[in-house]
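Colleague: final10.csv is the file, holding CSV, C-alpha atoms and all ligand atoms:
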chain,number,residue,atom,x,y,z
A,15,MET,CA,110.4,28.8,-9.0
A,16,GLU,CA,109.5,28.2,-12.6
A,17,LEU,CA,106.2,30.1,-12.9
A,18,ASP,CA,105.6,29.1,-16.6
A,19,ILE,CA,105.0,25.4,-15.8
A,20,PHE,CA,102.1,26.1,-13.4
A,21,GLN,CA,98.4,26.8,-14.1
A,22,ASN,CA,95.3,27.1,-12.0
A,23,PRO,CA,94.5,23.3,-11.5
A,24,TYR,CA,90.7,23.9,-11.5
A,25,THR,CA,90.4,26.3,-14.5
A,26,GLY,CA,93.6,25.9,-16.5
A,27,LEU,CA,94.2,29.6,-16.4
A,28,PRO,CA,97.9,30.8,-16.4
A,29,LEU,CA,99.3,32.2,-13.1
A,30,HIS,CA,101.3,35.2,-12.1
A,31,TRP,CA,103.0,36.4,-8.9
A,32,ALA,CA,100.6,38.3,-6.5
A,33,SER,CA,100.2,39.3,-2.9
A,34,ALA,CA,96.9,39.1,-0.9
A,35,LYS,CA,96.2,39.4,2.8
A,36,ARG,CA,99.9,40.1,3.4
A,37,GLN,CA,100.8,36.7,1.7
A,38,THR,CA,102.8,36.1,-1.5
A,39,GLY,CA,101.4,33.6,-3.9
A,40,LEU,CA,100.2,32.8,-7.4
A,41,SER,CA,97.1,34.3,-8.9
A,42,ASP,CA,95.1,34.1,-12.2
A,43,ALA,CA,93.2,36.6,-14.3
A,44,ASN,CA,90.0,35.9,-12.4
A,45,GLY,CA,91.6,36.6,-9.0
A,46,ALA,CA,92.0,33.0,-7.7
A,47,PHE,CA,94.9,33.1,-5.2
A,48,PHE,CA,97.2,30.3,-4.1
A,49,PRO,CA,99.5,31.3,-1.3
A,50,LEU,CA,103.1,30.1,-0.7
A,51,ARG,CA,103.6,27.9,2.3
A,52,ASN,CA,107.2,27.2,3.4
A,53,GLY,CA,108.2,28.6,0.0
A,54,TYR,CA,106.0,26.3,-2.2
A,55,PRO,CA,102.5,27.0,-3.6
A,56,ASN,CA,99.5,25.6,-1.9
A,57,PHE,CA,96.9,24.8,-4.5
A,58,LEU,CA,94.6,23.3,-1.9
A,59,ALA,CA,94.0,26.7,-0.2
A,60,GLY,CA,90.2,27.3,-0.1
A,61,GLN,CA,89.5,23.8,-1.4
A,62,LYS,CA,87.4,21.2,0.4
A,63,ILE,CA,89.1,17.8,0.4
A,64,THR,CA,86.6,15.0,0.7
A,65,GLY,CA,86.1,11.2,0.9
A,66,LEU,CA,89.2,9.0,0.8
A,67,ASN,CA,91.5,11.9,-0.1
A,68,GLN,CA,90.5,13.6,3.2
A,69,LYS,CA,91.1,10.5,5.3
A,70,ILE,CA,94.5,9.9,3.6
A,71,GLN,CA,95.6,13.5,3.9
A,72,GLN,CA,94.8,13.5,7.6
A,73,PHE,CA,96.6,10.1,8.0
A,74,TYR,CA,99.8,11.5,6.4
A,75,ASP,CA,99.6,14.9,8.2
A,76,ARG,CA,99.4,13.1,11.5
A,77,ASN,CA,101.8,10.2,10.8
A,78,GLY,CA,104.3,11.6,8.3
A,79,ARG,CA,106.9,11.9,11.1
A,80,MET,CA,106.5,8.2,12.0
A,81,ALA,CA,106.6,7.2,8.3
A,82,GLY,CA,109.8,9.1,8.0
A,83,LEU,CA,111.4,7.4,11.0
A,84,LEU,CA,110.3,4.0,9.6
A,85,GLU,CA,111.8,4.7,6.2
A,86,ARG,CA,115.2,5.7,7.9
A,87,PHE,CA,115.1,2.4,9.9
A,88,PHE,CA,114.4,0.4,6.8
A,89,ASN,CA,117.2,2.1,5.0
A,90,LEU,CA,119.6,0.8,7.6
A,91,PHE,CA,118.4,-2.8,7.6
A,92,SER,CA,116.8,-3.6,4.3
A,93,PRO,CA,117.6,-3.1,0.6
A,94,ILE,CA,114.8,-0.6,0.2
A,95,ARG,CA,117.0,2.1,-1.5
A,96,ARG,CA,118.1,-0.4,-4.2
A,97,GLN,CA,114.5,-1.6,-4.5
A,98,ARG,CA,113.3,2.0,-5.2
A,99,GLU,CA,116.0,2.4,-7.8
A,100,ALA,CA,114.9,-0.8,-9.5
A,101,TRP,CA,111.2,0.1,-9.4
A,102,LEU,CA,111.9,3.2,-11.4
A,103,ASP,CA,114.3,1.6,-13.8
A,104,GLY,CA,112.8,2.3,-17.3
A,105,LEU,CA,112.2,6.1,-16.7
A,106,ALA,CA,115.4,6.6,-18.8
A,107,ILE,CA,116.1,10.0,-17.2
A,108,ARG,CA,118.5,12.2,-19.2
A,109,PRO,CA,120.5,15.2,-18.0
A,110,GLY,CA,118.3,18.2,-17.7
A,111,ASP,CA,115.0,16.3,-17.9
A,112,ARG,CA,112.0,17.6,-16.1
A,113,VAL,CA,110.8,14.7,-13.9
A,114,LEU,CA,107.5,14.8,-11.8
A,115,GLU,CA,106.7,12.6,-8.9
A,116,VAL,CA,103.0,12.7,-8.2
A,117,SER,CA,102.6,12.2,-4.4
A,118,VAL,CA,106.2,12.7,-3.6
A,119,GLY,CA,105.8,12.0,0.2
A,120,ALA,CA,109.1,12.6,2.0
A,121,GLY,CA,111.1,12.5,-1.3
A,122,TRP,CA,112.8,9.1,-0.9
A,123,ASN,CA,112.4,8.0,-4.5
A,124,ILE,CA,114.0,11.2,-5.9
A,125,ARG,CA,117.1,10.6,-3.7
A,126,GLN,CA,117.7,7.4,-5.8
A,127,LEU,CA,117.4,9.1,-9.2
A,128,PRO,CA,120.2,10.7,-11.3
A,129,ALA,CA,121.3,14.0,-9.8
A,130,ASN,CA,121.5,15.9,-13.1
A,131,ALA,CA,117.8,16.1,-13.8
A,132,ARG,CA,115.2,18.7,-12.6
A,133,TYR,CA,112.8,17.2,-10.1
A,134,TYR,CA,109.3,18.3,-9.2
A,135,GLY,CA,107.1,16.9,-6.5
A,136,MET,CA,103.5,17.4,-5.4
A,137,ASP,CA,101.5,16.0,-2.5
A,138,ILE,CA,98.2,16.4,-0.8
A,139,SER,CA,99.8,16.4,2.7
A,140,SER,CA,101.6,19.5,4.0
A,141,GLY,CA,103.1,17.3,6.7
A,142,MET,CA,104.8,15.1,4.1
A,143,LEU,CA,105.9,18.1,2.1
A,144,ASP,CA,107.6,19.6,5.1
A,145,HIS,CA,109.5,16.4,5.6
A,146,CYS,CA,110.4,16.4,2.0
A,147,LEU,CA,111.8,19.9,2.2
A,148,LYS,CA,113.9,18.9,5.2
A,149,ASN,CA,115.1,15.7,3.5
A,150,ALA,CA,116.0,17.6,0.2
A,151,HIS,CA,118.0,20.1,2.2
A,152,ARG,CA,119.8,17.3,4.1
A,153,TRP,CA,120.6,15.4,0.8
A,154,GLY,CA,121.5,18.6,-1.1
A,155,VAL,CA,118.8,17.9,-3.7
A,156,GLN,CA,117.1,20.7,-5.5
A,157,LEU,CA,113.3,20.0,-5.5
A,158,ASN,CA,110.4,22.0,-6.8
A,159,LEU,CA,107.4,21.3,-4.6
A,160,CYS,CA,103.8,22.2,-4.3
A,161,GLN,CA,100.7,21.1,-2.4
A,162,ALA,CA,97.9,19.8,-4.6
A,163,ASN,CA,95.5,17.0,-5.3
A,164,ALA,CA,96.8,14.4,-7.9
A,165,GLU,CA,93.4,14.6,-9.5
A,166,PHE,CA,93.9,18.3,-10.3
A,167,LEU,CA,97.6,18.8,-11.2
A,168,PRO,CA,98.6,22.4,-11.2
A,169,TYR,CA,100.9,22.1,-14.2
A,170,ARG,CA,100.4,23.0,-17.9
A,171,ASP,CA,100.0,20.4,-20.6
A,172,ASN,CA,103.1,18.6,-22.0
A,173,VAL,CA,105.8,19.8,-19.6
A,174,PHE,CA,107.4,16.7,-18.1
A,175,ASP,CA,109.9,14.3,-19.7
A,176,SER,CA,108.8,11.6,-17.3
A,177,VAL,CA,106.1,11.2,-14.7
A,178,PHE,CA,105.9,8.6,-11.9
A,179,HIS,CA,103.8,7.8,-8.9
A,180,ILE,CA,104.5,5.4,-6.0
A,181,GLY,CA,102.2,4.3,-3.2
A,182,GLY,CA,99.1,6.4,-3.1
A,183,ILE,CA,96.8,5.8,-6.1
A,184,ASN,CA,94.9,2.8,-4.6
A,185,PHE,CA,93.1,5.2,-2.3
A,186,PHE,CA,92.7,8.3,-4.5
A,187,ASN,CA,89.0,9.3,-4.8
A,188,ASP,CA,89.2,9.2,-8.6
A,189,ARG,CA,92.0,7.1,-9.9
A,190,GLY,CA,90.9,7.6,-13.6
A,191,ARG,CA,91.1,11.4,-13.3
A,192,ALA,CA,94.6,11.2,-11.7
A,193,ILE,CA,95.9,9.0,-14.5
A,194,CYS,CA,94.5,11.4,-17.1
A,195,GLU,CA,96.2,14.2,-15.3
A,196,MET,CA,99.6,12.4,-15.3
A,197,ILE,CA,99.1,11.9,-19.1
A,198,ARG,CA,98.1,15.5,-19.7
A,199,VAL,CA,101.2,17.0,-18.0
A,200,ALA,CA,103.6,14.5,-19.6
A,201,LYS,CA,105.3,15.4,-23.0
A,202,PRO,CA,104.4,13.2,-26.0
A,203,GLY,CA,106.6,10.1,-25.8
A,204,ALA,CA,107.2,10.5,-22.1
A,205,PRO,CA,107.2,7.4,-19.9
A,206,ILE,CA,104.6,7.2,-17.1
A,207,VAL,CA,105.1,4.7,-14.3
A,208,ILE,CA,102.5,4.0,-11.6
A,209,ILE,CA,103.4,1.7,-8.6
A,210,ASP,CA,101.3,0.7,-5.6
A,211,GLN,CA,100.6,-2.1,-3.2
A,212,THR,CA,98.8,-5.3,-3.9
A,213,ALA,CA,96.6,-6.9,-1.3
A,214,LYS,CA,99.5,-9.2,-0.4
A,215,ASP,CA,101.7,-6.2,0.7
A,216,LEU,CA,98.9,-4.6,2.7
A,217,LYS,CA,98.4,-7.8,4.6
A,218,LYS,CA,102.2,-8.0,5.4
A,219,GLN,CA,102.2,-4.4,6.6
A,220,TYR,CA,99.3,-5.1,8.9
A,221,ARG,CA,101.1,-8.1,10.3
A,222,GLN,CA,104.4,-6.3,10.8
A,223,LEU,CA,103.7,-2.7,11.5
A,224,VAL,CA,101.8,-1.8,14.7
A,225,PHE,CA,101.6,1.8,13.7
A,226,VAL,CA,99.7,0.9,10.4
A,227,ARG,CA,97.2,-1.2,12.4
A,228,HIS,CA,96.8,1.6,14.9
A,229,CYS,CA,96.2,4.4,12.3
A,230,LEU,CA,94.2,2.6,9.6
A,231,ARG,CA,91.6,0.0,10.5
A,232,GLU,CA,91.9,-3.0,8.2
A,233,ALA,CA,88.1,-3.1,7.9
A,234,ASP,CA,88.2,0.4,6.5
A,235,VAL,CA,90.5,-0.6,3.6
A,236,ASP,CA,88.6,-1.2,0.3
A,237,ARG,CA,90.5,-4.3,-0.9
A,238,SER,CA,88.8,-4.2,-4.3
A,239,ARG,CA,91.1,-1.3,-5.2
A,240,LEU,CA,94.4,-3.2,-4.6
A,241,TYR,CA,95.3,-3.9,-8.3
A,242,ALA,CA,96.9,-2.1,-11.2
A,243,PRO,CA,94.2,0.3,-12.5
A,244,ALA,CA,95.0,-0.3,-16.2
A,245,GLU,CA,91.3,0.1,-17.1
A,246,PHE,CA,91.7,3.9,-16.6
A,247,VAL,CA,94.4,4.2,-19.2
A,248,PRO,CA,92.8,5.4,-22.5
A,249,GLU,CA,92.4,2.5,-24.9
A,250,GLU,CA,94.4,4.3,-27.6
A,251,ILE,CA,97.5,3.8,-25.6
A,252,ARG,CA,98.8,0.5,-26.8
A,253,ASP,CA,102.0,-0.1,-24.9
A,254,VAL,CA,100.5,-0.6,-21.5
A,255,GLU,CA,102.5,-3.0,-19.3
A,256,VAL,CA,101.6,-4.4,-15.9
A,257,LYS,CA,104.2,-6.3,-13.9
A,258,LEU,CA,104.4,-7.6,-10.3
A,259,LEU,CA,107.4,-6.5,-8.2
A,260,ASP,CA,108.9,-7.7,-4.9
A,261,ASN,CA,107.3,-11.2,-5.0
A,262,GLY,CA,103.9,-9.8,-5.9
A,263,SER,CA,103.8,-7.2,-3.1
A,264,LEU,CA,103.5,-4.3,-5.6
A,265,TYR,CA,102.2,-3.8,-9.1
A,266,ARG,CA,103.9,-1.6,-11.7
A,267,LEU,CA,101.7,-0.1,-14.4
A,268,SER,CA,103.7,1.7,-17.2
A,269,PHE,CA,103.2,3.1,-20.7
A,270,ASN,CA,104.3,6.0,-22.8
A,271,LYS,CA,102.2,9.1,-23.7
A,272,PRO,CA,101.5,8.8,-27.4
A,273,ALA,CA,102.2,11.7,-29.8
A,274,SER,CA,98.4,12.3,-29.9
A,275,ILE,CA,95.2,10.6,-29.1
A,276,PRO,CA,92.9,11.6,-31.9
A,277,GLY,CA,89.3,12.7,-31.3
A,278,ARG,CA,89.2,13.4,-27.6
A,279,PRO,CA,91.1,15.2,-24.8
A,280,PHE,CA,93.1,13.1,-22.3
A,281,CYS,CA,91.3,14.5,-19.4
A,282,VAL,CA,88.0,16.4,-19.4
A,283,PRO,CA,88.6,19.6,-17.3
A,284,ASN,CA,86.5,20.6,-14.3
A,285,THR,CA,84.8,17.3,-13.7
B,1,LIG,C1,102.9,5.7,0.8
B,1,LIG,S1,103.2,7.4,0.6
B,1,LIG,C2,104.3,7.4,-0.7
B,1,LIG,C3,105.2,8.5,-0.8
B,1,LIG,C4,106.3,8.4,-1.9
B,1,LIG,N1,105.7,8.4,-3.2
B,1,LIG,C5,107.2,7.2,-1.6
B,1,LIG,O1,107.2,6.3,-2.4
B,1,LIG,O2,108.0,7.2,-0.6
B,1,LIG,C6,101.7,8.0,-0.2
B,1,LIG,C7,101.7,9.5,-0.5
B,1,LIG,O3,100.5,9.8,-1.3
B,1,LIG,C8,100.0,11.1,-0.9
B,1,LIG,N2,98.6,11.2,-1.4
B,1,LIG,C9,97.6,10.5,-1.1
B,1,LIG,N3,96.5,10.9,-1.8
B,1,LIG,C10,96.9,11.9,-2.6
B,1,LIG,C11,96.2,12.7,-3.5
B,1,LIG,N4,94.9,12.6,-3.8
B,1,LIG,N5,96.9,13.7,-4.2
B,1,LIG,C12,98.3,13.8,-3.9
B,1,LIG,N6,98.9,13.0,-3.0
B,1,LIG,C13,98.3,12.1,-2.4
B,1,LIG,C14,100.1,11.0,0.6
B,1,LIG,O4,100.0,12.3,1.2
B,1,LIG,C15,101.5,10.4,0.8
B,1,LIG,O5,102.5,11.3,0.8
How would this structure read if it were set down as structure tokens?
Ligand SMILES: C[S@@+](CC[C@H](N)C(=O)[O-])C[C@H]1O[C@@H](n2cnc3c(N)ncnc32)[C@H](O)[C@@H]1O
Modeller:
Amino acid sequence: MELDIFQNPYTGLPLHWASAKRQTGLSDANGAFFPLRNGYPNFLAGQKITGLNQKIQQFYDRNGRMAGLLERFFNLFSPIRRQREAWLDGLAIRPGDRVLEVSVGAGWNIRQLPANARYYGMDISSGMLDHCLKNAHRWGVQLNLCQANAEFLPYRDNVFDSVFHIGGINFFNDRGRAICEMIRVAKPGAPIVIIDQTAKDLKKQYRQLVFVRHCLREADVDRSRLYAPAEFVPEEIRDVEVKLLDNGSLYRLSFNKPASIPGRPFCVPNT
């Protein structure tokens, strides 16, 4: 594991290897301790997850297995693999690049990307990360995982050559903070791609997938969030592009991190 890319997501302090309560993990100078779970750091240890994040975390912890089976089924009968590849076209990944997927889920996107880059994935759900580990092993893909909240990324500033996210941001507690975090950890010039469902796609899922209807009541879904959250991208970033994909089922918000945004930090820490 590359220790030098991590930091305490809540304070920004650097981390070192440590042991506590017979567990190995990462610690900072103030004694904060993040244990390893199945070989990856858990930055949610001791944290209270609230609001939508808590609901979604529970949903994926309970239903990750079912989501994995559905994905395998779709892989047999639909062009979803090629679609994932097309969605991420534009990341322009070069050999040796460090690429981060925020909310990696079971890792299906990374499987579609060039094999010669270094891949990092984080997710709020331990259930999904465990599936991701199994998948990566099955596919022979080297993946650096951790459990964390997208609103508090546990990485240092300017470490990734590209950053992408698919399928979770609509229901993050704080979409603006998550976008700032993606920008903070990207290197200057790095492409950032954010994709999620529109209201049209959610409606289709409700119609087609009994398991989605069973797990998430349609009345509980805040439909006012089902659009590209471009308003949270700092206004100094000029190359913001929003496109609809798959007949309007998904939006794709993309831009590049500029060399600098004068006068203010990308993300105000500890808010
Ligand atoms: C629909 S799945 C998409 C997984 C993967 N990106 C893909 O395209 O297959 C949404 C993922 O977002 C994760 N997620 C939701 N809220 C999150 C948060 N606040 N921080 C990190 N991950 C989150 C869920 O645990 C889940 O794995």
Colleague: What is the distance between CA of Asn261 (chain A) and CA of Thr212 (chain A), in Å to one decimal?
Modeller: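 Result for CA of Asn261 (chain A) versus CA of Thr212 (chain A): 10.4 Å, one decimal.
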Colleague: Using all atoms listed in the file, tabulate the residues of chain A lying at most 6 Å from any atom of ligand LIG 1 (chain B), each with its closest atom pair and that distance in Å to one decimal, by chain and increasing residue number, as JSON lines.
Modeller:
{"residue": "A:Asn67", "atom": "CA", "partner": "B:LIG1", "partner_atom": "N4", "distance": 5.1}
{"residue": "A:Ile70", "atom": "CA", "partner": "B:LIG1", "partner_atom": "C9", "distance": 5.7}
{"residue": "A:Gln71", "atom": "CA", "partner": "B:LIG1", "partner_atom": "O4", "distance": 5.3}
{"residue": "A:Tyr74", "atom": "CA", "partner": "B:LIG1", "partner_atom": "O4", "distance": 5.3}
{"residue": "A:Ser117", "atom": "CA", "partner": "B:LIG1", "partner_atom": "N6", "distance": 4.0}
{"residue": "A:Val118", "atom": "CA", "partner": "B:LIG1", "partner_atom": "N1", "distance": 4.3}
{"residue": "A:Gly119", "atom": "CA", "partner": "B:LIG1", "partner_atom": "O5", "distance": 3.4}
{"residue": "A:Trp122", "atom": "CA", "partner": "B:LIG1", "partner_atom": "O2", "distance": 5.2}
{"residue": "A:Asn123", "atom": "CA", "partner": "B:LIG1", "partner_atom": "O1", "distance": 5.9}
{"residue": "A:Asp137", "atom": "CA", "partner": "B:LIG1", "partner_atom": "N6", "distance": 4.0}
{"residue": "A:Ile138", "atom": "CA", "partner": "B:LIG1", "partner_atom": "C12", "distance": 4.0}
{"residue": "A:Ser139", "atom": "CA", "partner": "B:LIG1", "partner_atom": "O4", "distance": 4.4}
{"residue": "A:Met142", "atom": "CA", "partner": "B:LIG1", "partner_atom": "O5", "distance": 5.5}
{"residue": "A:Asn163", "atom": "CA", "partner": "B:LIG1", "partner_atom": "N5", "distance": 3.7}
{"residue": "A:Ala164", "atom": "CA", "partner": "B:LIG1", "partner_atom": "N5", "distance": 3.8}
{"residue": "A:Ile180", "atom": "CA", "partner": "B:LIG1", "partner_atom": "N1", "distance": 4.3}
{"residue": "A:Gly181", "atom": "CA", "partner": "B:LIG1", "partner_atom": "C1", "distance": 4.3}
{"residue": "A:Gly182", "atom": "CA", "partner": "B:LIG1", "partner_atom": "O3", "distance": 4.1}
{"residue": "A:Phe186", "atom": "CA", "partner": "B:LIG1", "partner_atom": "N4", "distance": 4.9}
Colleague: Please work out which residues fall within 9 Å of (97.0, 7.3, -19.7), coordinates as given in the file, with only C-alpha atoms counting, and return them as number ranges by chain.
Modeller: A: 190, 193-198, 206, 244, 246-251, 254, 269-271, 280
Colleague: So which one's closest to Pro205 (chain A), A:Ser268, A:Asn22, A:Gln156, A:Asn184? Using all atoms listed in the file, please.
Modeller: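 Nearest to Pro205 (chain A): A:Ser268.
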Colleague: With distances taken over all atoms listed in the file, which residue among A:Ala43, A:Ala150, A:Leu90, A:Leu157 lies nearest Leu29 (chain A)?
Modeller: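 With all atoms listed in the file as the atom set, the closest residue is A:Ala43.
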Colleague: Suppose you want the space between CA of Arg266 (chain A) and CA of Ile208 (chain A); what is it in Å?
Modeller: 5.8 Å
Colleague: If we count all atoms listed in the file, what is near Asn187 (chain A) at a cut-off of 7 Å, once residues fewer than 2 positions away on the same chain are taken out, given as a PyMOL selection string?
Modeller: chain A and resi 65-67+185+189
Colleague: To one decimal place in Å, what is the distance between CA of Arg96 (chain A) and CA of Leu264 (chain A)?
Modeller: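 Going from CA of Arg96 (chain A) over to CA of Leu264 (chain A), I get 15.2 Å.
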Colleague: Which one is closest to Cys160 (chain A): A:Phe48, A:Val173, A:Ala34, A:Asp188? Count only C-alpha atoms.
Modeller: A:Phe48
Colleague: So which one's closest to Leu50 (chain A), A:Gly110, A:Asp175, A:Gln161, A:Ile209? Using only C-alpha atoms, please.
Modeller: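 For Leu50 (chain A), the nearest of the given residues is A:Gln161.
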Colleague: Pick the closest to Asn172 (chain A) from A:Val116, A:Ile19, A:Leu258, A:Ile94: which is it, counting all atoms listed in the file?
Modeller: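 Result for the nearest residue to Asn172 (chain A): A:Ile19.
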Colleague: If we count only C-alpha atoms, what is near Leu17 (chain A) at a cut-off of 12 Å, once residues fewer than 5 positions away on the same chain are taken out, given as a compact mmCIF listing (two decimals) with C-alpha atoms, in the frame of the given file?
Modeller:
# COMPACT_ATOMS: atom_id res chain seq x y z
CA ASN A 22 95.30 27.10 -12.00
CA PRO A 28 97.90 30.80 -16.40
CA LEU A 29 99.30 32.20 -13.10
CA HIS A 30 101.30 35.20 -12.10
CA TRP A 31 103.00 36.40 -8.90
CA ALA A 32 100.60 38.30 -6.50
CA GLY A 39 101.40 33.60 -3.90
CA LEU A 40 100.20 32.80 -7.40
CA SER A 41 97.10 34.30 -8.90
CA ASP A 42 95.10 34.10 -12.20
CA TYR A 54 106.00 26.30 -2.20
CA PRO A 55 102.50 27.00 -3.60
CA ASN A 158 110.40 22.00 -6.80
CA CYS A 160 103.80 22.20 -4.30
CA PRO A 168 98.60 22.40 -11.20
CA TYR A 169 100.90 22.10 -14.20
CA ARG A 170 100.40 23.00 -17.90
Colleague: Could you please give me, as a list in words, the residues of protein, DNA or RNA lying at most 9 Å from (118.5, 16.4, -13.0) in the coordinate frame of the file, considering all atoms listed in the file?
Modeller: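 Residues close enough to count: Ile107, Arg108, Pro109, Gly110, Asp111, Arg112, Val113, Leu127, Pro128, Ala129, Asn130, Ala131, Arg132, Tyr133 and Gln156 of chain A.
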Colleague: Of the residues A:Lys257, A:Tyr134, A:Pro49, A:Lys201, which is the one nearest to Leu147 (chain A), using all atoms listed in the file?
Modeller: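 Between A:Lys257, A:Tyr134, A:Pro49, A:Lys201, the residue approaching Leu147 (chain A) most closely is A:Tyr134.
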Colleague: Leaving out Glu85 (chain A) and any residue of its chain fewer than 6 positions from it, which residues lie within 12 Å of it when counting only C-alpha atoms, given as a list in words?
Modeller: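 The residues satisfying every condition are Gly78, Arg79, Phe91, Ser92, Pro93, Ile94, Arg95, Arg98, Gly119, Ala120, Gly121, Trp122, Asn123, His145 and Asn149 of chain A.
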